[in-house]
Amino acid sequence: MDPYRSSSSSASSPAAALAMGRRHYYLPARPARPISFEDSPDWADDDVDSIHLATASASASLPTTAYPSPSPTPSSSSAACRGGERKVAGATLVWKELSVSLTRSRSGSGSADRRVVKSSTGYALPGTLTVIMGPARSGKSTLLRAIAGRLRPAERMYGQVLLNATNTRLPYGSYLPGLFSSKTSIVEDAIAAMSLADYADNLIGGHCFINSLPAGERRRLSIARELVMRPHVLFIDEPLYHLDSVSALLLMVTLKKLASTGCTVIFTMYQSSTEVFGLFDRICLLSNGNTLFFGETLSCLQHFSNAGFPCPIMQSPSDHFLRAINTDFDRIIAMCKNLQDDQGDFSSVSMDTAVAIRTLEATYKSSADSVAVESLVAKLMEKEGPHLKSKGRASNTTRIGVLTWRSLVIMSRNRKYFWSRFALYMLLALSVGTIFNNAGHSLSSVMVRVSAIFVYVSFVILLSVSGVPAHIDEIKIYSHEEANQHSSTMVFLLGHFLSSIPFLFLVTISSLLVFYFLIGLRNEFNLFMYFVVTMFMCLLANEALMMIVAYIWLDTYKCTLTLICLYVIMMLVGGYFRIRGGLPCTVWKYPLSYVSFHVYAVEGLLENEYVGTSFAVGAIRTIPGVQAVGGSYDISSSANAKWVNLLVLFVMAVGYRVVLYVLLRLNVRKHMRLLGSWCCWSWTPQSDYYSSN
């Protein structure tokens, strides 16, 4: 009989089931041939005619060599040849007695440690899909991070993780050497590997009335981005998160194709459909950090059957596994203890979940599967494989150029960064200009123009909060690329700075062409250009401040609220509502008025407009422009004072970016999260805590 069939075909095959009361159960057996998936859908990709799995047995089998090469079946090999897939040199990963503890501060009693992963042993071979599965808070993501060398500061690892039998750090990050044509070929291969050919010319995030890529395609695109680097090992955390069943199956078929090229694929998953489960080669089943099983997927079904929990014929294996080891189901069963379905009891597992977990763990430790895994791990640790080296990195100049061009393209397409601000600035300039139009050039017009300039500067800065979502997206992209060592802090900051210059200059000069002449400022080119440069420098400094706030919060609402509060305070101490010299010295004058953009921008613009001018008072007497402005704003009579204010704005634009560089370089946000968790622990000393998945 067939050892494993999908739920639809199994239910119609009486020879594949065994009657146990009113339920039917899977009975895995030793297959005599590769297992093919029978009711797979007909995919449009010609490379996938059927889905073949590696030969599995009731116990884990030992390969004849320490580093077995993937051996696809003839049909899959021919399909790969037809598709022109390129083989990659996969890597063997082994982890032995791997434990991870999470350290948190306990108020008044030092620190407390919790083991979130406990003595896990396993391996991942080239050309295979290895899944880490378990309920929420079981330690899946923590184990994946430990294997990948990406543990958080509060997490400490014990045990061994070997790459090709060598104790070395995984070489993350690489670049594509060669000519542009060869790079284009590699990108096209990645698109084909992820079955994204139909979306090759689509904009990822959409544009105006063009829809963005669906969630499933975006998930495959994120994997394709890593495939461009030709990875030996691919780690994926929850690849099927928020995907529908069709998108999930298509993504797993694509990963299966990728593994057939020799890549080692390791990923986590909460649960899967029967179709998706049939694609896995090996499964590591976790519950509360304990390894309940490691081995081939069909052997896992046999393991549950041996422990007294056979999988019902009409139930997905992953659902059955999670039902047996997820303690949350105990509450559901208690609530529905009197509920009966058409097939009998509400639950397929009559035993308490805690007892079931202990039974499964004890059964695995004493099983032949555990012995076979230990034996194979020992063999894999003995023979050293090829040393994997990073392919290097592109020069900083190349990376800055690439990131600058990418940011230019993103900013031009993203209406949240440029187009919305352009529209708001033009509307502001037109509104303020028409309100303060025809003020004249007499002494009484001075106060009107002071008000117009202050209002324009204040609201230009205030309306810049419309670009916060774009800044948050940029920082998230940087965080992902920096984690994979594709980018660096300096490269990111320079690329973002250079790409923002043309957009900020364009919105500045276009809005000023409307505002400047509507309110009737002095019609001299050098004075107009000073106005443009001052506003441009003010926006550059403001962009850096926005990036700092966006990095700290990474939340649109919190960032917008924080920036509005800062801008309102800067307006209050900007010297318009009360002369700067009359502000209370504590806090308001020192230091707030000295870190306000508004002070230096408005002072410089008023000095640019009124220094060297005079106004008639009566028929004979005149007063200088500085004295005329003195009643409304405090400015200097020096001809060089406006350049000092411009220099201060330039220093602020550079200084805020230096602060941002330090924050990114020191990864302050990660330490802030750690500090926040410590504070929460000190306030709730009796509460329990867990790792994320």
# chains A, B, ... in the order shown; residues from 1 in each chain; ligands from 1

$ select_by_dssp --residues "region 205-397 of chain A" --states "alpha helix (DSSP H)" --output "VMD selection string"
chain A and resid 215 to 227 245 to 260 274 to 277 297 to 306 317 to 325 328 to 335 353 to 365 368 to 382 396 to 397

$ residues_around --residues "Gly139 (chain A)" --least-positions-apart "5" --cutoff "12 Å" --atoms "only C-alpha atoms" --output "NGL selection string"
:A and (98-102 or 114-120 or 132-134 or 144-146 or 155 or 237 or 268-270 or 284-291 or 689-693)

$ write_last_selection --atoms "C-alpha atoms" --output "PDB file, in the first residue's frame"
ATOM      1  CA  LEU A  98      22.214  23.102  21.249  1.00  0.00           C
ATOM      2  CA  SER A  99      20.598  25.088  24.052  1.00  0.00           C
ATOM      3  CA  VAL A 100      19.635  28.755  24.206  1.00  0.00           C
ATOM      4  CA  SER A 101      18.919  30.657  27.396  1.00  0.00           C
ATOM      5  CA  LEU A 102      17.194  34.008  27.641  1.00  0.00           C
ATOM      6  CA  ARG A 114      15.130  30.602  31.010  1.00  0.00           C
ATOM      7  CA  ARG A 115      16.046  27.842  28.598  1.00  0.00           C
ATOM      8  CA  VAL A 116      14.011  28.472  25.468  1.00  0.00           C
ATOM      9  CA  VAL A 117      15.780  25.723  23.478  1.00  0.00           C
ATOM     10  CA  LYS A 118      16.916  22.597  25.314  1.00  0.00           C
ATOM     11  CA  SER A 119      19.587  20.216  23.997  1.00  0.00           C
ATOM     12  CA  SER A 120      18.479  20.092  20.380  1.00  0.00           C
ATOM     13  CA  ILE A 132      11.438  23.500  12.365  1.00  0.00           C
ATOM     14  CA  MET A 133       7.825  23.133  13.470  1.00  0.00           C
ATOM     15  CA  GLY A 134       6.013  23.666  16.722  1.00  0.00           C
ATOM     16  CA  LEU A 144      16.769  29.085  13.735  1.00  0.00           C
ATOM     17  CA  ARG A 145      18.611  32.215  14.898  1.00  0.00           C
ATOM     18  CA  ALA A 146      21.021  30.099  16.935  1.00  0.00           C
ATOM     19  CA  GLU A 155      20.168  35.204  24.307  1.00  0.00           C
ATOM     20  CA  ASP A 237      11.524  32.388   9.359  1.00  0.00           C
ATOM     21  CA  THR A 268      10.352  27.554  10.565  1.00  0.00           C
ATOM     22  CA  MET A 269       6.637  26.974  10.325  1.00  0.00           C
ATOM     23  CA  TYR A 270       3.702  26.925  12.680  1.00  0.00           C
ATOM     24  CA  CYS A 284      12.367  19.143  13.791  1.00  0.00           C
ATOM     25  CA  LEU A 285       9.382  19.176  16.133  1.00  0.00           C
ATOM     26  CA  LEU A 286       9.619  21.441  19.189  1.00  0.00           C
ATOM     27  CA  SER A 287       7.431  22.054  22.201  1.00  0.00           C
ATOM     28  CA  ASN A 288       8.478  24.353  25.051  1.00  0.00           C
ATOM     29  CA  GLY A 289      12.035  24.167  23.747  1.00  0.00           C
ATOM     30  CA  ASN A 290      12.194  20.373  23.864  1.00  0.00           C
ATOM     31  CA  THR A 291      12.888  18.340  20.746  1.00  0.00           C
ATOM     32  CA  TYR A 689       8.367  35.099  29.549  1.00  0.00           C
ATOM     33  CA  TYR A 690       9.112  33.244  26.390  1.00  0.00           C
ATOM     34  CA  SER A 691      11.119  33.576  23.245  1.00  0.00           C
ATOM     35  CA  SER A 692       9.428  34.561  20.023  1.00  0.00           C
ATOM     36  CA  ASN A 693       8.231  31.390  18.393  1.00  0.00           C
TER      37      ASN A 693
END

$ atom_distance --atom1 "CA of Asp352 (chain A)" --atom2 "CA of His303 (chain A)"
18.2 Å

$ residues_around --residues "Ser412 (chain A)" --least-positions-apart "6" --cutoff "10 Å" --atoms "only C-alpha atoms" --output "PyMOL selection string"
chain A and resi 207+406+418-419+503

$ residues_around --residues "region 374-378 of chain A" --least-positions-apart "2" --cutoff "8 Å" --atoms "only C-alpha atoms" --output "list of chain:residue names"
A:Leu62, A:Val94, A:Lys96, A:Thr121, A:Gly122, A:Tyr123, A:Ser370, A:Val371, A:Ala372, A:Leu380, A:Met381, A:Glu382

$ write_last_selection --atoms "N, CA, C and O atoms" --output "PDB file, in the first residue's frame"
ATOM      1  N   LEU A  62      21.232   6.297   7.088  1.00  0.00           N
ATOM      2  CA  LEU A  62      22.562   6.870   7.072  1.00  0.00           C
ATOM      3  C   LEU A  62      23.111   6.833   5.660  1.00  0.00           C
ATOM      4  O   LEU A  62      23.143   5.786   5.033  1.00  0.00           O
ATOM      5  N   VAL A  94      25.231  21.144  11.059  1.00  0.00           N
ATOM      6  CA  VAL A  94      25.012  20.207  12.162  1.00  0.00           C
ATOM      7  C   VAL A  94      24.944  21.003  13.452  1.00  0.00           C
ATOM      8  O   VAL A  94      25.780  21.890  13.685  1.00  0.00           O
ATOM      9  N   LYS A  96      24.531  20.227  17.660  1.00  0.00           N
ATOM     10  CA  LYS A  96      24.551  19.149  18.653  1.00  0.00           C
ATOM     11  C   LYS A  96      24.415  19.719  20.057  1.00  0.00           C
ATOM     12  O   LYS A  96      25.139  20.649  20.432  1.00  0.00           O
ATOM     13  N   THR A 121      19.429  18.483  18.850  1.00  0.00           N
ATOM     14  CA  THR A 121      20.436  17.898  17.964  1.00  0.00           C
ATOM     15  C   THR A 121      19.792  17.598  16.619  1.00  0.00           C
ATOM     16  O   THR A 121      18.691  17.047  16.556  1.00  0.00           O
ATOM     17  N   GLY A 122      20.484  17.982  15.557  1.00  0.00           N
ATOM     18  CA  GLY A 122      19.943  17.722  14.228  1.00  0.00           C
ATOM     19  C   GLY A 122      20.933  18.128  13.163  1.00  0.00           C
ATOM     20  O   GLY A 122      22.077  18.501  13.431  1.00  0.00           O
ATOM     21  N   TYR A 123      20.481  18.091  11.921  1.00  0.00           N
ATOM     22  CA  TYR A 123      21.348  18.412  10.791  1.00  0.00           C
ATOM     23  C   TYR A 123      20.487  18.833   9.612  1.00  0.00           C
ATOM     24  O   TYR A 123      19.278  18.576   9.567  1.00  0.00           O
ATOM     25  N   SER A 370      16.317   8.473  17.118  1.00  0.00           N
ATOM     26  CA  SER A 370      17.268   9.276  17.881  1.00  0.00           C
ATOM     27  C   SER A 370      18.677   8.709  17.771  1.00  0.00           C
ATOM     28  O   SER A 370      19.647   9.456  17.603  1.00  0.00           O
ATOM     29  N   VAL A 371      18.792   7.397  17.850  1.00  0.00           N
ATOM     30  CA  VAL A 371      20.109   6.766  17.729  1.00  0.00           C
ATOM     31  C   VAL A 371      20.699   7.022  16.340  1.00  0.00           C
ATOM     32  O   VAL A 371      21.890   7.331  16.193  1.00  0.00           O
ATOM     33  N   ALA A 372      19.847   6.927  15.304  1.00  0.00           N
ATOM     34  CA  ALA A 372      20.330   7.155  13.941  1.00  0.00           C
ATOM     35  C   ALA A 372      20.762   8.600  13.738  1.00  0.00           C
ATOM     36  O   ALA A 372      21.766   8.870  13.065  1.00  0.00           O
ATOM     37  N   LEU A 380      28.924  13.241  10.416  1.00  0.00           N
ATOM     38  CA  LEU A 380      29.039  14.532   9.749  1.00  0.00           C
ATOM     39  C   LEU A 380      30.045  15.448  10.435  1.00  0.00           C
ATOM     40  O   LEU A 380      30.635  16.316   9.788  1.00  0.00           O
ATOM     41  N   MET A 381      30.244  15.252  11.739  1.00  0.00           N
ATOM     42  CA  MET A 381      31.195  16.079  12.468  1.00  0.00           C
ATOM     43  C   MET A 381      32.627  15.603  12.300  1.00  0.00           C
ATOM     44  O   MET A 381      33.567  16.343  12.607  1.00  0.00           O
ATOM     45  N   GLU A 382      32.799  14.388  11.824  1.00  0.00           N
ATOM     46  CA  GLU A 382      34.157  13.843  11.698  1.00  0.00           C
ATOM     47  C   GLU A 382      34.859  14.329  10.435  1.00  0.00           C
ATOM     48  O   GLU A 382      36.004  14.754  10.470  1.00  0.00           O
TER      49      GLU A 382
END

$ closest_residue --among "A:Ser185, A:Ser596, A:Asn667, A:Thr92" --to "Ile552 (chain A)" --atoms "only C-alpha atoms"
A:Asn667

$ closest_atom_pairs --of "region 432-484 of chain A" --to "region 512-532 of chain A" --cutoff "9 Å" --atoms "only C-alpha atoms" --output "Markdown table"
| residue | atom | partner | partner_atom | distance |
| --- | --- | --- | --- | --- |
| A:Val432 | CA | A:Phe515 | CA | 7.1 |
| A:Gly433 | CA | A:Leu518 | CA | 4.9 |
| A:Thr434 | CA | A:Leu518 | CA | 6.6 |
| A:Ile435 | CA | A:Ile519 | CA | 8.5 |
| A:Phe436 | CA | A:Ile519 | CA | 5.7 |
| A:Asn437 | CA | A:Ile519 | CA | 4.8 |
| A:Asn438 | CA | A:Ile519 | CA | 6.7 |
| A:Ala439 | CA | A:Ile519 | CA | 7.0 |
| A:Gly440 | CA | A:Gly520 | CA | 7.6 |
| A:His441 | CA | A:Gly520 | CA | 8.3 |
| A:Arg449 | CA | A:Ile519 | CA | 7.2 |
| A:Ala452 | CA | A:Ile519 | CA | 7.8 |
| A:Tyr456 | CA | A:Phe515 | CA | 8.4 |

$ write_last_selection --atoms "N, CA, C and O atoms" --output "short mmCIF file (atom, residue, chain, number, x, y, z; two decimals), in the first residue's frame"
data_model
loop_
_atom_site.label_atom_id
_atom_site.label_comp_id
_atom_site.auth_asym_id
_atom_site.auth_seq_id
_atom_site.Cartn_x
_atom_site.Cartn_y
_atom_site.Cartn_z
N VAL A 432 -0.20 81.04 1.62
CA VAL A 432 0.47 82.10 2.37
C VAL A 432 0.75 83.29 1.47
O VAL A 432 0.60 84.46 1.88
N GLY A 433 1.16 83.01 0.22
CA GLY A 433 1.46 84.12 -0.69
C GLY A 433 0.26 84.97 -1.01
O GLY A 433 0.35 86.21 -1.07
N THR A 434 -0.89 84.36 -1.21
CA THR A 434 -2.09 85.15 -1.52
C THR A 434 -2.64 85.87 -0.29
O THR A 434 -3.19 86.98 -0.40
N ILE A 435 -2.48 85.27 0.89
CA ILE A 435 -2.94 85.93 2.12
C ILE A 435 -2.13 87.19 2.39
O ILE A 435 -2.67 88.23 2.78
N PHE A 436 -0.81 87.12 2.21
CA PHE A 436 0.07 88.25 2.52
C PHE A 436 0.45 89.03 1.26
O PHE A 436 1.45 89.75 1.25
N ASN A 437 -0.34 88.92 0.20
CA ASN A 437 -0.04 89.63 -1.04
C ASN A 437 -0.40 91.11 -0.92
O ASN A 437 -1.25 91.50 -0.11
N ASN A 438 0.29 91.91 -1.74
CA ASN A 438 0.04 93.36 -1.81
C ASN A 438 0.20 94.04 -0.46
O ASN A 438 -0.61 94.87 -0.06
N ALA A 439 1.27 93.66 0.25
CA ALA A 439 1.54 94.30 1.54
C ALA A 439 2.22 95.65 1.37
O ALA A 439 2.29 96.43 2.33
N GLY A 440 2.73 95.94 0.17
CA GLY A 440 3.42 97.21 -0.05
C GLY A 440 4.85 97.16 0.43
O GLY A 440 5.37 96.10 0.84
N HIS A 441 5.53 98.34 0.41
CA HIS A 441 6.93 98.42 0.82
C HIS A 441 7.16 99.53 1.83
O HIS A 441 8.28 100.03 1.97
N ARG A 449 5.49 91.09 6.51
CA ARG A 449 6.42 90.16 5.87
C ARG A 449 7.13 89.28 6.90
O ARG A 449 7.45 88.12 6.61
N ALA A 452 4.73 86.56 7.46
CA ALA A 452 4.66 85.65 6.31
C ALA A 452 5.85 84.70 6.28
O ALA A 452 5.70 83.49 6.05
N TYR A 456 5.63 80.67 6.81
CA TYR A 456 6.08 79.78 5.73
C TYR A 456 7.13 78.80 6.24
O TYR A 456 7.03 77.59 5.99
#

$ closest_residue --among "A:Leu388, A:Phe321, A:Leu292, A:Thr353" --to "Leu170 (chain A)" --atoms "only C-alpha atoms"
A:Leu388

$ residues_around --residues "Ser637 (chain A)" --least-positions-apart "3" --cutoff "12 Å" --atoms "only C-alpha atoms" --output "mmCIF file with C-alpha atoms, in the first residue's frame"
data_model
loop_
_atom_site.group_PDB
_atom_site.id
_atom_site.type_symbol
_atom_site.label_atom_id
_atom_site.label_comp_id
_atom_site.auth_asym_id
_atom_site.auth_seq_id
_atom_site.Cartn_x
_atom_site.Cartn_y
_atom_site.Cartn_z
ATOM 1 C CA GLU A 603 16.810 85.232 11.413
ATOM 2 C CA GLY A 604 18.873 84.566 8.315
ATOM 3 C CA LEU A 606 15.058 88.527 7.681
ATOM 4 C CA GLU A 607 18.693 89.661 7.712
ATOM 5 C CA ASN A 608 18.899 88.785 4.033
ATOM 6 C CA GLU A 609 15.826 90.939 3.327
ATOM 7 C CA TYR A 610 16.326 93.981 5.596
ATOM 8 C CA VAL A 611 20.042 94.466 6.373
ATOM 9 C CA GLY A 612 21.212 97.432 4.289
ATOM 10 C CA THR A 613 17.722 98.808 3.700
ATOM 11 C CA PRO A 624 17.371 101.316 8.937
ATOM 12 C CA GLY A 625 15.575 98.064 8.125
ATOM 13 C CA VAL A 626 17.139 96.288 11.116
ATOM 14 C CA GLN A 627 15.561 98.840 13.456
ATOM 15 C CA ALA A 628 12.236 98.505 11.680
ATOM 16 C CA VAL A 629 12.289 94.717 12.175
ATOM 17 C CA GLY A 630 13.465 95.043 15.784
ATOM 18 C CA ASP A 634 15.565 90.164 16.965
ATOM 19 C CA ASN A 640 27.813 88.544 7.732
ATOM 20 C CA ALA A 641 25.186 87.532 10.303
ATOM 21 C CA LYS A 642 23.019 85.754 7.728
#

$ select_by_dssp --residues "region 257-476 of chain A" --states "strand (DSSP E)" --output "VMD selection string"
chain A and resid 264 to 269 282 to 287 290 to 296 340 to 341 344 to 345

$ atom_distance --atom1 "CA of Leu243 (chain A)" --atom2 "CA of Ile191 (chain A)"
19.6 Å

$ closest_residue --among "A:Trp95, A:Val644, A:Ala483, A:Pro126" --to "Leu151 (chain A)" --atoms "only C-alpha atoms"
A:Ala483

$ atom_distance --atom1 "CA of Arg621 (chain A)" --atom2 "CA of Ser444 (chain A)"
15.5 Å

$ residues_around --residues "Ala197 (chain A)" --least-positions-apart "4" --cutoff "12 Å" --atoms "only C-alpha atoms" --output "PyMOL selection string"
chain A and resi 44-45+187-193+201-202+217+220-221+224

$ write_last_selection --atoms "N, CA and C atoms" --output "compact mmCIF listing (two decimals), in the first residue's frame"
# COMPACT_ATOMS: atom_id res chain seq x y z
N ALA A 44 1.62 25.97 -14.13
CA ALA A 44 1.94 26.49 -15.46
C ALA A 44 3.42 26.34 -15.77
N ASP A 45 4.26 26.26 -14.74
CA ASP A 45 5.69 26.09 -14.94
C ASP A 45 5.97 24.70 -15.46
N VAL A 187 20.10 37.66 -12.12
CA VAL A 187 18.82 38.18 -11.65
C VAL A 187 17.67 37.45 -12.35
N GLU A 188 17.80 37.23 -13.63
CA GLU A 188 16.76 36.51 -14.36
C GLU A 188 16.63 35.07 -13.87
N ASP A 189 17.75 34.44 -13.51
CA ASP A 189 17.69 33.10 -12.94
C ASP A 189 16.92 33.09 -11.62
N ALA A 190 17.16 34.12 -10.79
CA ALA A 190 16.45 34.20 -9.50
C ALA A 190 14.96 34.41 -9.72
N ILE A 191 14.60 35.22 -10.71
CA ILE A 191 13.18 35.44 -11.02
C ILE A 191 12.53 34.14 -11.48
N ALA A 192 13.24 33.40 -12.33
CA ALA A 192 12.68 32.13 -12.80
C ALA A 192 12.59 31.11 -11.68
N ALA A 193 13.60 31.08 -10.80
CA ALA A 193 13.60 30.11 -9.70
C ALA A 193 12.42 30.31 -8.77
N ASP A 201 8.06 42.73 -14.66
CA ASP A 201 8.00 44.14 -15.04
C ASP A 201 7.07 44.96 -14.15
N ASN A 202 6.59 44.36 -13.05
CA ASN A 202 5.67 45.07 -12.16
C ASN A 202 6.44 45.85 -11.11
N GLU A 217 3.49 36.89 -3.67
CA GLU A 217 4.56 37.24 -4.58
C GLU A 217 5.64 38.05 -3.88
N ARG A 220 7.86 35.60 -2.05
CA ARG A 220 8.79 34.95 -2.98
C ARG A 220 9.84 35.93 -3.48
N LEU A 221 9.47 37.19 -3.63
CA LEU A 221 10.44 38.18 -4.07
C LEU A 221 11.53 38.39 -3.03
N ALA A 224 13.83 35.66 -3.51
CA ALA A 224 14.58 35.83 -4.76
C ALA A 224 15.70 36.85 -4.59

$ residues_around --residues "Thr327 (chain A)" --least-positions-apart "3" --cutoff "9 Å" --atoms "only C-alpha atoms" --output "list in words"
Pro135, Arg323, Ala324, Asp330, Arg331, Asp352, Thr353 and Ala354 of chain A

$ closest_residue --among "A:Lys257, A:Tyr172, A:Phe492, A:Leu540" --to "Tyr661 (chain A)" --atoms "only C-alpha atoms"
A:Phe492
